[in-house]
Amino acid sequence: MTANWAVFVAAEPEFAATVEKRFGAFTHHVLATLRKDGSPRTTGLEVRFLDGELWLGMMPGSLKALDLRRDPRFALQANPGPGTDTHGGDVRVSGRAVEVTDAGVKGAYSKEVEPPEPFHLFRTGITEVVRTYVEDEKYLVVQIWTPGAPVRTLKRT
């Protein structure tokens, strides 16, 4: 089961705002895709939250775009930033990415984002959002959201 970003925002607005803030803190993040042989590939990526969607834009012919065309599964990790303080926690989003070829949709995205042309554009279907952070310098807290379920929170000492 997947959901677009708007579904996550509607279900868990505070959690979603925290995730967007973490992604907004830095421009470049880490995308994991699957190569032809099934091994992981990690690459840098910029992301956008627009019109209730989490968008992934890429250079034409990039290996990550070719990976997603072949196998849409991905994991995306927000840039943790410098040092060891992640300012809001470690945030990861997993799901499936579907390439958008509709000229109208790509045109609206281009008007808003102004990416270098040409480009690949992928709309994401979210399967999981995870935030890991330290609370009171004592607990490791893990929040997990999946479509159709409330947030689960795990605490470890």
# chains A, B, ... in the order shown; residues from 1 in each chain; ligands from 1

call {"tool": "residues_around", "arguments": {"residues": "His120 in chain A", "least_positions_apart": "5", "cutoff": "7 Å", "atoms": "only C-alpha atoms", "output": "MDAnalysis selection string"}}
result
chainID A and resid 57:60 65

call {"tool": "write_last_selection", "arguments": {"atoms": "N, CA and C atoms", "output": "mmCIF file, in the first residue's frame"}}
result
data_model
loop_
_atom_site.group_PDB
_atom_site.id
_atom_site.type_symbol
_atom_site.label_atom_id
_atom_site.label_comp_id
_atom_site.auth_asym_id
_atom_site.auth_seq_id
_atom_site.Cartn_x
_atom_site.Cartn_y
_atom_site.Cartn_z
ATOM 1 N N GLY A 57 13.352 14.924 -8.886
ATOM 2 C CA GLY A 57 13.772 15.367 -10.208
ATOM 3 C C GLY A 57 15.214 14.951 -10.456
ATOM 4 N N MET A 58 15.510 14.560 -11.713
ATOM 5 C CA MET A 58 16.840 14.039 -12.030
ATOM 6 C C MET A 58 17.300 14.464 -13.417
ATOM 7 N N MET A 59 18.613 14.458 -13.588
ATOM 8 C CA MET A 59 19.195 14.754 -14.894
ATOM 9 C C MET A 59 18.816 13.658 -15.892
ATOM 10 N N PRO A 60 18.722 14.007 -17.170
ATOM 11 C CA PRO A 60 18.344 13.009 -18.175
ATOM 12 C C PRO A 60 19.380 11.891 -18.271
ATOM 13 N N ALA A 65 17.718 7.486 -12.322
ATOM 14 C CA ALA A 65 16.467 7.509 -13.098
ATOM 15 C C ALA A 65 16.262 6.185 -13.820
#

call {"tool": "select_by_dssp", "arguments": {"residues": "chain A", "states": "helix (DSSP H, G or I)", "output": "JSON, numbers by chain"}}
result
{"A": [5, 6, 7, 8, 9, 10, 11, 13, 14, 15, 16, 17, 18, 19, 20, 21, 22, 23, 24, 63, 64, 65, 66, 67, 68, 69, 70, 103, 104, 105, 106, 107, 108, 109, 110, 111, 112, 113]}

call {"tool": "residues_around", "arguments": {"residues": "Val141 in chain A", "least_positions_apart": "3", "cutoff": "10 Å", "atoms": "only C-alpha atoms", "output": "ChimeraX atom specification"}}
result
/A:89,131-135,138,144,153-157

call {"tool": "residues_around", "arguments": {"residues": "Ala97 in chain A", "least_positions_apart": "6", "cutoff": "8 Å", "atoms": "only C-alpha atoms", "output": "ChimeraX atom specification"}}
result
/A:68,72-74,122-125

call {"tool": "residues_around", "arguments": {"residues": "Glu112 in chain A", "least_positions_apart": "6", "cutoff": "12 Å", "atoms": "only C-alpha atoms", "output": "PyMOL selection string"}}
result
chain A and resi 48-51+105-106

call {"tool": "residues_around", "arguments": {"residues": "Asp71 in chain A", "least_positions_apart": "2", "cutoff": "12 Å", "atoms": "only C-alpha atoms", "output": "PyMOL selection string"}}
result
chain A and resi 32-40+63-69+73-74+95-99

call {"tool": "atom_distance", "arguments": {"atom1": "CA of Val30 in chain A", "atom2": "CA of Trp5 in chain A"}}
result
18.4 Å

call {"tool": "residues_around", "arguments": {"residues": "Gly148 in chain A", "least_positions_apart": "6", "cutoff": "10 Å", "atoms": "only C-alpha atoms", "output": "PyMOL selection string"}}
result
chain A and resi 1-3+7-8+11+127

call {"tool": "closest_residue", "arguments": {"among": "A:Ala149, A:Ile126, A:Leu56, A:Ala25", "to": "Asn4 in chain A", "atoms": "only C-alpha atoms"}}
result
A:Ile126

call {"tool": "closest_residue", "arguments": {"among": "A:Ser110, A:Ala75, A:Asp90, A:Ala103", "to": "Leu140 in chain A", "atoms": "only C-alpha atoms"}}
result
A:Asp90

call {"tool": "closest_residue", "arguments": {"among": "A:Trp145, A:Leu31, A:Ala10, A:Leu76", "to": "Arg92 in chain A", "atoms": "only C-alpha atoms"}}
result
A:Leu76

call {"tool": "closest_residue", "arguments": {"among": "A:Val9, A:Leu121, A:Val93, A:Ala108", "to": "Trp55 in chain A", "atoms": "only C-alpha atoms"}}
result
A:Leu121

call {"tool": "atom_distance", "arguments": {"atom1": "CA of Thr18 in chain A", "atom2": "CA of Pro82 in chain A"}}
result
18.6 Å

call {"tool": "atom_distance", "arguments": {"atom1": "CA of Ala17 in chain A", "atom2": "CA of Val129 in chain A"}}
result
12.1 Å

call {"tool": "select_by_dssp", "arguments": {"residues": "range 49-84 of chain A", "states": "strand (DSSP E or B)", "output": "tab-separated table (two decimals) with N, CA and C atoms, in the first residue's frame"}}
result
chain	number	residue	atom	x	y	z
A	49	PHE	N	8.55	19.24	-2.17
A	49	PHE	CA	7.20	18.96	-1.70
A	49	PHE	C	6.30	20.01	-2.34
A	50	LEU	N	5.49	19.59	-3.31
A	50	LEU	CA	4.61	20.52	-4.04
A	50	LEU	C	3.27	19.85	-4.30
A	53	GLU	N	2.50	16.34	-3.10
A	53	GLU	CA	3.36	15.27	-3.60
A	53	GLU	C	4.80	15.49	-3.16
A	54	LEU	N	5.52	14.40	-3.03
A	54	LEU	CA	6.97	14.42	-2.86
A	54	LEU	C	7.55	14.07	-4.23
A	55	TRP	N	8.26	15.03	-4.83
A	55	TRP	CA	8.79	14.88	-6.19
A	55	TRP	C	10.29	14.63	-6.16
A	56	LEU	N	10.74	13.79	-7.09
A	56	LEU	CA	12.16	13.53	-7.30
A	56	LEU	C	12.49	13.94	-8.73
A	57	GLY	N	13.35	14.92	-8.89
A	57	GLY	CA	13.77	15.37	-10.21
A	57	GLY	C	15.21	14.95	-10.46
A	58	MET	N	15.51	14.56	-11.71
A	58	MET	CA	16.84	14.04	-12.03
A	58	MET	C	17.30	14.46	-13.42
A	73	ARG	N	11.22	0.95	-6.52
A	73	ARG	CA	11.45	1.05	-5.08
A	73	ARG	C	12.62	1.99	-4.78
A	74	PHE	N	12.44	2.81	-3.73
A	74	PHE	CA	13.49	3.74	-3.32
A	74	PHE	C	13.46	3.93	-1.82
A	75	ALA	N	14.56	4.45	-1.31
A	75	ALA	CA	14.64	4.96	0.06
A	75	ALA	C	15.35	6.30	-0.04
A	76	LEU	N	14.87	7.26	0.72
A	76	LEU	CA	15.39	8.62	0.67
A	76	LEU	C	15.71	9.05	2.09
A	77	GLN	N	16.94	9.50	2.31
A	77	GLN	CA	17.36	9.95	3.64
A	77	GLN	C	17.70	11.43	3.60

call {"tool": "closest_residue", "arguments": {"among": "A:Val142, A:Leu45, A:Ala78, A:Val151", "to": "Glu20 in chain A", "atoms": "only C-alpha atoms"}}
result
A:Ala78
